[in-house]
Amino acid sequence: MKDDETKNEVTSETEDIGVKTEETPQNAEAVSDALPTEKPEKEATPFKKLPIKEKLLIWLKLTLLFLKIGAFTFGGGYAMISLLEKEIVDKRKWLSSDEMLEIIAVAEATPGAIALNSATFVGAKVGGFVGALLASVATLLPAFVIILIISTVLDKFSENQYVKWAFLGIRACVCALILNAVWKFFKAVKKSVYSYVIMAVALTLALLSAFDVINLDIIFIILAAAVFGIVYNYFMRKHLAKKKSSGDGKK
Amino acid sequence: MIYLRLFLNFLKIGLFTIGGGYAMIPLISETCLDYGWLTEEQLINFIAISESTPGPFAVNIATFVGNTTGGILGALCAVFGLFLPSFVIIFVIYKLAKRFFEKQPVQDAFTALKPTVVALIASAFVTVTYATLFIADGSGATSFNWFGLVWGAICFLAMRFIKKLHPIILIIISAGVGILFYGFIL
(Lines give C-alpha, C1' and ligand atoms only; values in the text may rest on other atoms or scores of the structure.)
Protein backbone atom coordinates (compact mmCIF):
# COMPACT_ATOMS: atom_id res chain seq x y z
CA MET A 1 0.00 0.00 0.00
CA LYS A 2 2.74 2.41 0.98
CA ASP A 3 4.69 1.45 -2.09
CA ASP A 4 1.75 2.28 -4.28
CA GLU A 5 1.47 5.70 -2.74
CA THR A 6 5.07 6.64 -3.42
CA LYS A 7 4.71 5.33 -6.93
CA ASN A 8 1.75 7.58 -7.57
CA GLU A 9 3.55 10.56 -6.22
CA VAL A 10 6.52 9.94 -8.42
CA THR A 11 4.33 9.49 -11.47
CA SER A 12 2.70 12.85 -11.01
CA GLU A 13 6.08 14.44 -10.45
CA THR A 14 7.59 13.07 -13.61
CA GLU A 15 4.56 14.18 -15.59
CA ASP A 16 5.02 17.69 -14.29
CA ILE A 17 8.58 17.73 -15.50
CA GLY A 18 7.32 16.90 -18.94
CA VAL A 19 8.67 13.44 -19.69
CA LYS A 20 7.09 11.76 -22.68
CA THR A 21 3.88 10.21 -21.45
CA GLU A 22 4.57 6.87 -23.13
CA GLU A 23 7.60 6.30 -20.98
CA THR A 24 6.13 7.57 -17.74
CA PRO A 25 5.04 4.30 -16.14
CA GLN A 26 8.38 2.65 -16.82
CA ASN A 27 10.24 5.72 -15.66
CA ALA A 28 8.24 6.05 -12.51
CA GLU A 29 8.96 2.47 -11.57
CA ALA A 30 12.65 2.90 -12.12
CA VAL A 31 12.74 6.13 -10.19
CA SER A 32 10.75 4.83 -7.26
CA ASP A 33 13.02 1.82 -7.01
CA ALA A 34 16.03 4.05 -6.87
CA LEU A 35 14.58 6.69 -4.60
CA PRO A 36 15.35 5.35 -1.12
CA THR A 37 19.03 4.62 -1.79
CA GLU A 38 20.21 6.96 -4.55
CA LYS A 39 18.70 10.34 -3.87
CA PRO A 40 19.85 11.08 -0.34
CA GLU A 41 23.29 9.71 -1.10
CA LYS A 42 23.67 11.95 -4.13
CA GLU A 43 22.69 15.01 -2.19
CA ALA A 44 24.84 14.19 0.81
CA THR A 45 28.14 13.80 -1.06
CA PRO A 46 28.79 16.20 -3.92
CA PHE A 47 31.35 15.21 -6.49
CA LYS A 48 34.21 17.20 -4.94
CA LYS A 49 34.09 15.28 -1.68
CA LEU A 50 34.08 11.83 -3.19
CA PRO A 51 37.19 9.70 -2.59
CA ILE A 52 39.63 9.71 -5.50
CA LYS A 53 38.86 6.11 -6.38
CA GLU A 54 35.21 6.88 -7.01
CA LYS A 55 36.12 10.01 -8.92
CA LEU A 56 38.32 8.00 -11.26
CA LEU A 57 35.53 5.51 -11.76
CA ILE A 58 33.07 8.27 -12.67
CA TRP A 59 35.57 9.81 -15.10
CA LEU A 60 36.13 6.45 -16.75
CA LYS A 61 32.38 5.87 -17.06
CA LEU A 62 31.87 9.36 -18.50
CA THR A 63 34.60 8.85 -21.08
CA LEU A 64 33.25 5.49 -22.19
CA LEU A 65 29.67 6.73 -22.38
CA PHE A 66 30.53 9.77 -24.49
CA LEU A 67 32.84 7.77 -26.74
CA LYS A 68 29.85 5.56 -27.43
CA ILE A 69 27.56 8.52 -28.00
CA GLY A 70 30.10 10.19 -30.28
CA ALA A 71 30.54 7.03 -32.30
CA PHE A 72 26.88 6.17 -32.75
CA THR A 73 24.95 9.37 -33.26
CA PHE A 74 24.35 10.24 -36.85
CA GLY A 75 22.79 13.55 -37.75
CA GLY A 76 24.27 15.63 -34.96
CA GLY A 77 22.89 17.38 -31.90
CA TYR A 78 19.20 16.70 -31.87
CA ALA A 79 19.63 13.01 -32.60
CA MET A 80 22.04 12.82 -29.70
CA ILE A 81 19.74 14.36 -27.13
CA SER A 82 17.33 11.42 -26.98
CA LEU A 83 20.23 9.00 -26.59
CA LEU A 84 21.72 11.14 -23.81
CA GLU A 85 18.44 11.22 -21.99
CA LYS A 86 18.09 7.45 -22.16
CA GLU A 87 21.64 6.79 -20.93
CA ILE A 88 22.01 9.47 -18.28
CA VAL A 89 18.54 9.95 -16.87
CA ASP A 90 16.88 6.56 -17.31
CA LYS A 91 19.76 4.13 -17.15
CA ARG A 92 22.46 5.69 -14.97
CA LYS A 93 20.35 8.19 -13.03
CA TRP A 94 23.19 10.67 -12.90
CA LEU A 95 20.79 13.55 -13.51
CA SER A 96 17.05 14.15 -13.21
CA SER A 97 15.12 14.80 -16.41
CA ASP A 98 14.54 18.34 -15.16
CA GLU A 99 18.29 18.94 -15.05
CA MET A 100 18.56 17.36 -18.48
CA LEU A 101 16.02 19.79 -19.93
CA GLU A 102 18.02 22.68 -18.50
CA ILE A 103 21.19 21.31 -20.09
CA ILE A 104 19.55 20.97 -23.49
CA ALA A 105 18.21 24.53 -23.32
CA VAL A 106 21.66 25.90 -22.48
CA ALA A 107 23.37 23.74 -25.12
CA GLU A 108 21.02 25.05 -27.80
CA ALA A 109 21.37 28.66 -26.74
CA THR A 110 25.16 28.79 -26.47
CA PRO A 111 27.42 28.93 -29.52
CA GLY A 112 29.02 25.79 -30.89
CA ALA A 113 27.87 22.27 -31.72
CA ILE A 114 24.91 21.18 -29.60
CA ALA A 115 26.31 17.70 -29.06
CA LEU A 116 29.59 19.08 -27.78
CA ASN A 117 27.91 21.66 -25.56
CA SER A 118 25.65 19.15 -23.86
CA ALA A 119 28.58 16.76 -23.36
CA THR A 120 30.56 19.52 -21.64
CA PHE A 121 27.64 20.45 -19.43
CA VAL A 122 26.78 16.88 -18.44
CA GLY A 123 30.46 16.18 -17.80
CA ALA A 124 30.76 19.26 -15.58
CA LYS A 125 27.69 18.32 -13.57
CA VAL A 126 28.65 14.69 -13.09
CA GLY A 127 32.44 14.96 -12.81
CA GLY A 128 33.64 18.55 -12.43
CA PHE A 129 36.20 20.19 -14.72
CA VAL A 130 38.00 16.97 -15.60
CA GLY A 131 34.65 15.33 -16.27
CA ALA A 132 33.67 18.14 -18.65
CA LEU A 133 36.96 17.87 -20.49
CA LEU A 134 36.81 14.08 -20.77
CA ALA A 135 33.18 14.03 -21.88
CA SER A 136 33.63 16.61 -24.63
CA VAL A 137 36.89 15.19 -25.95
CA ALA A 138 35.33 11.72 -25.94
CA THR A 139 32.37 13.06 -27.94
CA LEU A 140 34.49 14.49 -30.72
CA LEU A 141 37.18 11.81 -30.82
CA PRO A 142 35.31 9.16 -32.88
CA ALA A 143 34.18 11.76 -35.44
CA PHE A 144 37.72 13.12 -35.66
CA VAL A 145 39.26 9.74 -36.34
CA ILE A 146 36.59 8.64 -38.81
CA ILE A 147 36.77 11.85 -40.84
CA LEU A 148 40.57 11.74 -40.89
CA ILE A 149 40.37 8.32 -42.50
CA ILE A 150 37.58 9.27 -44.89
CA SER A 151 39.22 12.47 -46.10
CA THR A 152 42.40 10.57 -46.91
CA VAL A 153 40.47 7.88 -48.75
CA LEU A 154 38.22 10.41 -50.49
CA ASP A 155 41.20 12.16 -52.03
CA LYS A 156 42.12 8.96 -53.83
CA PHE A 157 38.61 8.23 -55.07
CA SER A 158 37.36 11.68 -55.98
CA GLU A 159 38.57 11.30 -59.59
CA ASN A 160 36.74 8.00 -60.01
CA GLN A 161 33.88 8.37 -62.51
CA TYR A 162 31.39 6.33 -60.46
CA VAL A 163 32.13 8.35 -57.34
CA LYS A 164 31.53 11.56 -59.34
CA TRP A 165 28.17 10.25 -60.58
CA ALA A 166 27.21 9.13 -57.09
CA PHE A 167 27.93 12.57 -55.69
CA LEU A 168 25.86 14.22 -58.41
CA GLY A 169 22.91 12.21 -57.13
CA ILE A 170 23.78 12.84 -53.49
CA ARG A 171 23.99 16.60 -53.97
CA ALA A 172 20.33 16.81 -54.92
CA CYS A 173 19.57 14.91 -51.73
CA VAL A 174 21.65 17.34 -49.66
CA CYS A 175 19.49 20.23 -50.89
CA ALA A 176 16.44 18.31 -49.71
CA LEU A 177 18.06 17.60 -46.32
CA ILE A 178 18.77 21.28 -45.72
CA LEU A 179 15.30 22.30 -46.87
CA ASN A 180 13.90 19.79 -44.40
CA ALA A 181 15.95 21.43 -41.63
CA VAL A 182 14.64 24.87 -42.65
CA TRP A 183 11.11 23.49 -42.51
CA LYS A 184 11.57 22.04 -39.02
CA PHE A 185 13.20 25.15 -37.57
CA PHE A 186 10.67 27.43 -39.23
CA LYS A 187 7.83 25.59 -37.56
CA ALA A 188 9.54 25.98 -34.16
CA VAL A 189 9.83 29.77 -34.45
CA LYS A 190 7.12 31.88 -32.83
CA LYS A 191 4.57 32.99 -35.40
CA SER A 192 4.60 36.77 -35.33
CA VAL A 193 5.26 39.72 -37.61
CA TYR A 194 8.33 40.45 -35.51
CA SER A 195 9.87 37.01 -36.27
CA TYR A 196 8.95 37.14 -39.97
CA VAL A 197 10.45 40.60 -40.47
CA ILE A 198 13.71 39.59 -38.78
CA MET A 199 13.80 36.38 -40.80
CA ALA A 200 13.25 38.25 -44.08
CA VAL A 201 15.89 40.88 -43.35
CA ALA A 202 18.45 38.32 -42.15
CA LEU A 203 17.81 36.08 -45.16
CA THR A 204 18.15 38.98 -47.59
CA LEU A 205 21.42 40.13 -46.01
CA ALA A 206 22.82 36.58 -45.84
CA LEU A 207 21.98 35.94 -49.50
CA LEU A 208 23.35 39.27 -50.71
CA SER A 209 26.54 38.46 -48.85
CA ALA A 210 26.66 34.86 -50.12
CA PHE A 211 26.36 35.96 -53.76
CA ASP A 212 28.95 38.70 -53.20
CA VAL A 213 26.55 41.55 -53.89
CA ILE A 214 27.50 43.21 -50.63
CA ASN A 215 30.51 42.58 -48.46
CA LEU A 216 29.09 41.59 -45.08
CA ASP A 217 30.22 39.11 -42.47
CA ILE A 218 27.69 36.54 -41.28
CA ILE A 219 28.88 37.36 -37.76
CA PHE A 220 27.62 40.91 -38.23
CA ILE A 221 24.12 39.59 -39.01
CA ILE A 222 24.13 37.47 -35.85
CA LEU A 223 25.36 40.30 -33.63
CA ALA A 224 22.95 42.80 -35.17
CA ALA A 225 20.04 40.44 -34.55
CA ALA A 226 20.97 40.05 -30.88
CA VAL A 227 21.30 43.81 -30.39
CA PHE A 228 18.05 44.48 -32.23
CA GLY A 229 16.22 41.92 -30.06
CA ILE A 230 17.44 43.55 -26.86
CA VAL A 231 16.80 47.16 -27.92
CA TYR A 232 13.44 46.55 -29.57
CA ASN A 233 12.00 44.57 -26.68
CA TYR A 234 13.34 47.06 -24.15
CA PHE A 235 11.56 49.97 -25.80
CA MET A 236 8.42 47.98 -26.51
CA ARG A 237 8.17 47.11 -22.84
CA LYS A 238 8.72 50.73 -21.86
CA HIS A 239 6.14 51.85 -24.40
CA LEU A 240 3.58 49.33 -23.15
CA ALA A 241 4.18 50.32 -19.53
CA LYS A 242 3.65 53.98 -20.42
CA LYS A 243 0.48 53.22 -22.35
CA LYS A 244 -0.84 51.17 -19.46
CA SER A 245 -0.10 53.82 -16.85
CA SER A 246 -1.62 56.61 -18.96
CA GLY A 247 -4.68 54.41 -19.52
CA ASP A 248 -4.99 53.93 -15.77
CA GLY A 249 -4.67 57.71 -15.29
CA LYS A 250 -7.66 58.42 -17.53
CA LYS A 251 -9.86 56.10 -15.59
CA MET B 1 50.88 30.21 -41.00
CA ILE B 2 48.18 27.75 -41.90
CA TYR B 3 47.85 26.17 -38.44
CA LEU B 4 47.28 29.45 -36.67
CA ARG B 5 44.84 30.56 -39.37
CA LEU B 6 42.89 27.29 -39.10
CA PHE B 7 42.79 27.62 -35.33
CA LEU B 8 41.65 31.25 -35.35
CA ASN B 9 39.02 30.80 -38.05
CA PHE B 10 37.44 27.79 -36.41
CA LEU B 11 37.59 29.62 -33.09
CA LYS B 12 35.51 32.31 -34.77
CA ILE B 13 33.10 29.72 -36.17
CA GLY B 14 32.81 28.04 -32.78
CA LEU B 15 32.14 31.34 -31.08
CA PHE B 16 29.50 32.70 -33.41
CA THR B 17 27.31 29.84 -34.48
CA ILE B 18 24.22 29.34 -32.41
CA GLY B 19 21.89 26.45 -33.08
CA GLY B 20 24.56 24.05 -34.31
CA GLY B 21 24.46 21.87 -37.42
CA TYR B 22 23.20 23.46 -40.61
CA ALA B 23 23.10 26.93 -39.06
CA MET B 24 26.88 26.74 -39.26
CA ILE B 25 26.98 26.28 -43.05
CA PRO B 26 26.92 29.98 -44.07
CA LEU B 27 29.77 30.92 -41.76
CA ILE B 28 31.80 27.83 -42.62
CA SER B 29 31.33 28.29 -46.35
CA GLU B 30 32.12 32.00 -46.11
CA THR B 31 35.40 31.21 -44.36
CA CYS B 32 36.43 28.19 -46.42
CA LEU B 33 35.56 29.71 -49.81
CA ASP B 34 37.27 33.01 -49.00
CA TYR B 35 40.52 31.25 -48.10
CA GLY B 36 40.18 28.78 -50.94
CA TRP B 37 40.27 25.85 -48.52
CA LEU B 38 37.34 24.16 -50.22
CA THR B 39 35.43 24.54 -53.46
CA GLU B 40 31.66 24.86 -53.27
CA GLU B 41 31.39 21.40 -54.80
CA GLN B 42 33.63 19.88 -52.12
CA LEU B 43 31.59 21.60 -49.43
CA ILE B 44 28.29 20.18 -50.66
CA ASN B 45 29.79 16.71 -51.06
CA PHE B 46 31.10 16.96 -47.56
CA ILE B 47 27.70 17.86 -46.11
CA ALA B 48 26.50 14.48 -47.40
CA ILE B 49 29.56 12.69 -46.00
CA SER B 50 29.08 14.34 -42.65
CA GLU B 51 25.43 13.33 -42.61
CA SER B 52 26.47 9.72 -43.24
CA THR B 53 29.15 9.57 -40.55
CA PRO B 54 28.71 9.85 -36.79
CA GLY B 55 29.49 12.96 -34.79
CA PRO B 56 28.56 16.63 -34.87
CA PHE B 57 28.62 18.33 -38.27
CA ALA B 58 30.91 21.11 -37.06
CA VAL B 59 33.52 18.66 -35.74
CA ASN B 60 33.37 16.66 -38.96
CA ILE B 61 33.88 19.64 -41.22
CA ALA B 62 36.60 21.14 -39.02
CA THR B 63 38.49 17.85 -39.19
CA PHE B 64 37.98 17.59 -42.94
CA VAL B 65 39.05 21.15 -43.75
CA GLY B 66 41.97 20.95 -41.32
CA ASN B 67 43.18 17.68 -42.77
CA THR B 68 42.90 18.69 -46.42
CA THR B 69 44.73 21.99 -45.86
CA GLY B 70 47.23 21.14 -43.12
CA GLY B 71 47.31 17.38 -42.51
CA ILE B 72 46.63 15.82 -39.12
CA LEU B 73 48.12 18.76 -37.25
CA GLY B 74 45.87 21.09 -39.22
CA ALA B 75 42.87 18.98 -38.30
CA LEU B 76 43.86 19.12 -34.63
CA CYS B 77 44.23 22.91 -34.74
CA ALA B 78 40.85 23.38 -36.44
CA VAL B 79 39.00 21.08 -34.03
CA PHE B 80 40.71 22.61 -31.02
CA GLY B 81 39.70 26.07 -32.20
CA LEU B 82 36.11 24.95 -32.66
CA PHE B 83 36.04 23.21 -29.31
CA LEU B 84 37.61 25.92 -27.15
CA PRO B 85 34.94 28.67 -27.09
CA SER B 86 31.99 26.39 -26.46
CA PHE B 87 33.87 24.52 -23.74
CA VAL B 88 34.86 27.71 -21.95
CA ILE B 89 31.40 29.26 -22.32
CA ILE B 90 29.58 26.19 -21.05
CA PHE B 91 31.93 25.76 -18.15
CA VAL B 92 31.65 29.40 -17.11
CA ILE B 93 27.88 29.25 -17.34
CA TYR B 94 27.88 26.08 -15.27
CA LYS B 95 30.11 27.58 -12.59
CA LEU B 96 29.07 31.21 -12.40
CA ALA B 97 25.94 32.08 -14.26
CA LYS B 98 23.39 29.34 -14.07
CA ARG B 99 20.64 31.93 -14.26
CA PHE B 100 22.23 33.66 -17.25
CA PHE B 101 19.53 32.54 -19.66
CA GLU B 102 16.72 33.74 -17.44
CA LYS B 103 17.93 37.36 -17.64
CA GLN B 104 15.56 39.60 -19.60
CA PRO B 105 18.06 41.04 -22.13
CA VAL B 106 19.34 37.55 -22.93
CA GLN B 107 15.82 36.29 -23.58
CA ASP B 108 15.10 39.37 -25.68
CA ALA B 109 18.20 38.73 -27.76
CA PHE B 110 17.02 35.20 -28.41
CA THR B 111 13.63 36.30 -29.69
CA ALA B 112 15.58 37.81 -32.59
CA LEU B 113 18.33 35.18 -32.79
CA LYS B 114 15.95 32.29 -33.35
CA PRO B 115 14.44 33.66 -36.59
CA THR B 116 17.95 34.67 -37.67
CA VAL B 117 19.16 31.09 -37.32
CA VAL B 118 16.28 29.94 -39.53
CA ALA B 119 17.23 32.61 -42.07
CA LEU B 120 20.86 31.43 -42.04
CA ILE B 121 19.85 27.84 -42.70
CA ALA B 122 17.50 29.05 -45.45
CA SER B 123 20.35 30.99 -47.02
CA ALA B 124 22.51 27.85 -46.87
CA PHE B 125 19.70 26.05 -48.68
CA VAL B 126 19.56 28.70 -51.43
CA THR B 127 23.32 28.75 -52.04
CA VAL B 128 23.67 24.96 -51.97
CA THR B 129 20.69 24.52 -54.29
CA TYR B 130 21.98 27.20 -56.65
CA ALA B 131 25.35 25.46 -56.87
CA THR B 132 23.60 22.14 -57.47
CA LEU B 133 21.17 23.30 -60.13
CA PHE B 134 23.42 25.56 -62.18
CA ILE B 135 26.48 23.59 -63.08
CA ALA B 136 29.31 25.44 -64.77
CA ASP B 137 31.09 23.33 -67.36
CA GLY B 138 34.68 23.93 -68.34
CA SER B 139 33.90 26.40 -71.15
CA GLY B 140 32.30 28.90 -68.75
CA ALA B 141 28.72 28.26 -69.83
CA THR B 142 26.27 27.05 -67.19
CA SER B 143 23.74 24.33 -67.76
CA PHE B 144 20.59 23.69 -65.78
CA ASN B 145 20.58 20.43 -63.86
CA TRP B 146 17.05 19.05 -64.39
CA PHE B 147 17.95 15.77 -62.77
CA GLY B 148 18.98 17.61 -59.59
CA LEU B 149 15.70 19.50 -59.43
CA VAL B 150 13.54 16.41 -59.93
CA TRP B 151 15.50 14.12 -57.62
CA GLY B 152 15.83 16.84 -54.96
CA ALA B 153 12.06 17.33 -54.99
CA ILE B 154 11.49 13.58 -54.70
CA CYS B 155 13.91 13.39 -51.75
CA PHE B 156 12.20 16.26 -49.96
CA LEU B 157 8.73 14.76 -50.42
CA ALA B 158 10.02 11.38 -49.29
CA MET B 159 11.37 12.95 -46.11
CA ARG B 160 8.17 14.79 -45.37
CA PHE B 161 5.87 11.83 -45.94
CA ILE B 162 7.92 8.86 -44.74
CA LYS B 163 8.59 9.67 -41.11
CA LYS B 164 10.98 6.85 -40.35
CA LEU B 165 13.22 7.46 -43.35
CA HIS B 166 16.77 7.95 -42.14
CA PRO B 167 18.89 10.51 -44.05
CA ILE B 168 21.67 7.95 -44.52
CA ILE B 169 19.33 5.63 -46.41
CA LEU B 170 18.24 8.49 -48.63
CA ILE B 171 21.87 9.45 -49.31
CA ILE B 172 22.76 5.87 -50.27
CA ILE B 173 19.73 5.65 -52.58
CA SER B 174 20.71 9.00 -54.10
CA ALA B 175 24.22 7.75 -54.80
CA GLY B 176 22.73 4.74 -56.62
CA VAL B 177 20.30 6.91 -58.57
CA GLY B 178 23.13 9.26 -59.54
CA ILE B 179 25.26 6.42 -60.90
CA LEU B 180 22.26 4.94 -62.72
CA PHE B 181 21.17 8.22 -64.27
CA TYR B 182 24.53 9.68 -65.28
CA GLY B 183 26.23 6.39 -66.08
CA PHE B 184 23.55 4.46 -67.88
CA ILE B 185 20.67 6.69 -68.93
CA LEU B 186 22.38 9.90 -69.93
# chains A, B, ... in the order shown; residues from 1 in each chain; ligands from 1

$ select_by_dssp --residues "chain B" --states "alpha helix (DSSP H)" --output "ChimeraX atom specification"
/B:2-16,25-35,40-52,57-95,104-133,146-161,167-179

$ residues_around --residues "region 100-115 of chain B" --least-positions-apart "2" --cutoff "8 Å" --atoms "only C-alpha atoms" --output "list of chain:residue names"
A:Val106, A:Phe186, A:Val189, A:Ser195, A:Tyr196, A:Ile198, A:Met199, A:Ile222, A:Ala225, A:Ala226, A:Val227, A:Phe228, A:Gly229, A:Ile230, A:Asn233, A:Tyr234, B:Ile93, B:Ala97, B:Lys98, B:Val117, B:Val118, B:Ala119

$ closest_residue --among "A:Phe185, A:Phe220, A:Phe47, A:Phe235" --to "chain B" --atoms "only C-alpha atoms"
A:Phe185

$ closest_residue --among "B:Met24, B:Val150, B:Ile179, B:Leu43" --to "chain A" --atoms "only C-alpha atoms"
B:Ile179

$ residues_around --residues "region 132-141 of chain A" --least-positions-apart "5" --cutoff "8 Å" --atoms "only C-alpha atoms" --output "short mmCIF file (atom, residue, chain, number, x, y, z; two decimals) with N, CA, C and O atoms, in the first residue's frame"
data_model
loop_
_atom_site.label_atom_id
_atom_site.label_comp_id
_atom_site.auth_asym_id
_atom_site.auth_seq_id
_atom_site.Cartn_x
_atom_site.Cartn_y
_atom_site.Cartn_z
N TRP A 59 34.93 9.27 -13.89
CA TRP A 59 35.57 9.81 -15.10
C TRP A 59 35.67 8.75 -16.19
O TRP A 59 35.44 9.03 -17.36
N LEU A 62 32.23 8.23 -17.65
CA LEU A 62 31.87 9.36 -18.50
C LEU A 62 32.55 9.24 -19.87
O LEU A 62 31.91 9.40 -20.91
N THR A 63 33.85 8.95 -19.83
CA THR A 63 34.60 8.85 -21.08
C THR A 63 34.01 7.77 -21.97
O THR A 63 33.77 7.99 -23.16
N LEU A 64 33.76 6.60 -21.39
CA LEU A 64 33.25 5.49 -22.19
C LEU A 64 31.88 5.82 -22.77
O LEU A 64 31.60 5.58 -23.94
N PHE A 66 30.53 8.76 -23.43
CA PHE A 66 30.53 9.77 -24.49
C PHE A 66 31.29 9.32 -25.73
O PHE A 66 31.02 9.78 -26.83
N LEU A 67 32.23 8.39 -25.56
CA LEU A 67 32.84 7.77 -26.74
C LEU A 67 31.77 7.05 -27.53
O LEU A 67 31.68 7.14 -28.75
N LYS A 68 30.92 6.32 -26.79
CA LYS A 68 29.85 5.56 -27.43
C LYS A 68 28.88 6.51 -28.12
O LYS A 68 28.49 6.30 -29.27
N ILE A 69 28.51 7.57 -27.41
CA ILE A 69 27.56 8.52 -28.00
C ILE A 69 28.15 9.20 -29.23
O ILE A 69 27.51 9.35 -30.26
N GLY A 70 29.45 9.57 -29.14
CA GLY A 70 30.10 10.19 -30.28
C GLY A 70 30.20 9.26 -31.48
O GLY A 70 30.13 9.69 -32.62
N ALA A 71 30.35 7.98 -31.21
CA ALA A 71 30.54 7.03 -32.30
C ALA A 71 29.23 6.59 -32.94
O ALA A 71 29.21 6.11 -34.06
N ALA A 115 25.84 18.95 -29.66
CA ALA A 115 26.31 17.70 -29.06
C ALA A 115 27.48 17.94 -28.12
O ALA A 115 27.53 17.42 -27.00
N LEU A 116 28.40 18.77 -28.57
CA LEU A 116 29.59 19.08 -27.78
C LEU A 116 29.21 19.86 -26.52
O LEU A 116 29.70 19.58 -25.42
N ASN A 117 28.34 20.84 -26.69
CA ASN A 117 27.91 21.66 -25.56
C ASN A 117 27.24 20.81 -24.47
O ASN A 117 27.54 20.97 -23.29
N ALA A 119 27.58 17.65 -23.96
CA ALA A 119 28.58 16.76 -23.36
C ALA A 119 29.38 17.50 -22.29
O ALA A 119 29.60 16.99 -21.19
N THR A 120 29.80 18.72 -22.62
CA THR A 120 30.56 19.52 -21.64
C THR A 120 29.75 19.74 -20.37
O THR A 120 30.24 19.57 -19.25
N PHE A 121 28.49 20.11 -20.57
CA PHE A 121 27.64 20.45 -19.43
C PHE A 121 27.37 19.21 -18.56
O PHE A 121 27.51 19.26 -17.33
N VAL A 122 27.02 18.11 -19.20
CA VAL A 122 26.78 16.88 -18.44
C VAL A 122 28.04 16.46 -17.71
O VAL A 122 28.03 16.13 -16.51
N GLY A 123 29.19 16.53 -18.41
CA GLY A 123 30.46 16.18 -17.80
C GLY A 123 30.76 17.03 -16.58
O GLY A 123 31.19 16.53 -15.54
N ALA A 124 30.50 18.35 -16.69
CA ALA A 124 30.76 19.26 -15.58
C ALA A 124 29.87 18.93 -14.38
O ALA A 124 30.32 18.92 -13.24
N LYS A 125 28.61 18.61 -14.66
CA LYS A 125 27.69 18.32 -13.57
C LYS A 125 28.02 17.01 -12.88
O LYS A 125 27.93 16.90 -11.66
N GLY A 127 31.05 15.20 -13.21
CA GLY A 127 32.44 14.96 -12.81
C GLY A 127 33.34 16.17 -12.77
O GLY A 127 34.55 16.03 -12.96
N GLY B 55 28.86 11.78 -35.37
CA GLY B 55 29.49 12.96 -34.79
C GLY B 55 28.86 14.26 -35.26
O GLY B 55 28.17 14.28 -36.26
N PRO B 56 29.13 15.33 -34.52
CA PRO B 56 28.56 16.63 -34.87
C PRO B 56 29.11 17.14 -36.20
O PRO B 56 30.29 16.95 -36.50
N VAL B 59 32.27 19.39 -35.99
CA VAL B 59 33.52 18.66 -35.74
C VAL B 59 33.98 17.98 -37.02
O VAL B 59 35.16 18.01 -37.38
N PHE B 87 33.50 25.13 -25.01
CA PHE B 87 33.87 24.52 -23.74
C PHE B 87 33.98 25.57 -22.64
O PHE B 87 33.41 25.42 -21.55
N PHE B 91 31.41 25.96 -19.49
CA PHE B 91 31.93 25.76 -18.15
C PHE B 91 31.72 26.99 -17.28
O PHE B 91 31.39 26.88 -16.10
#
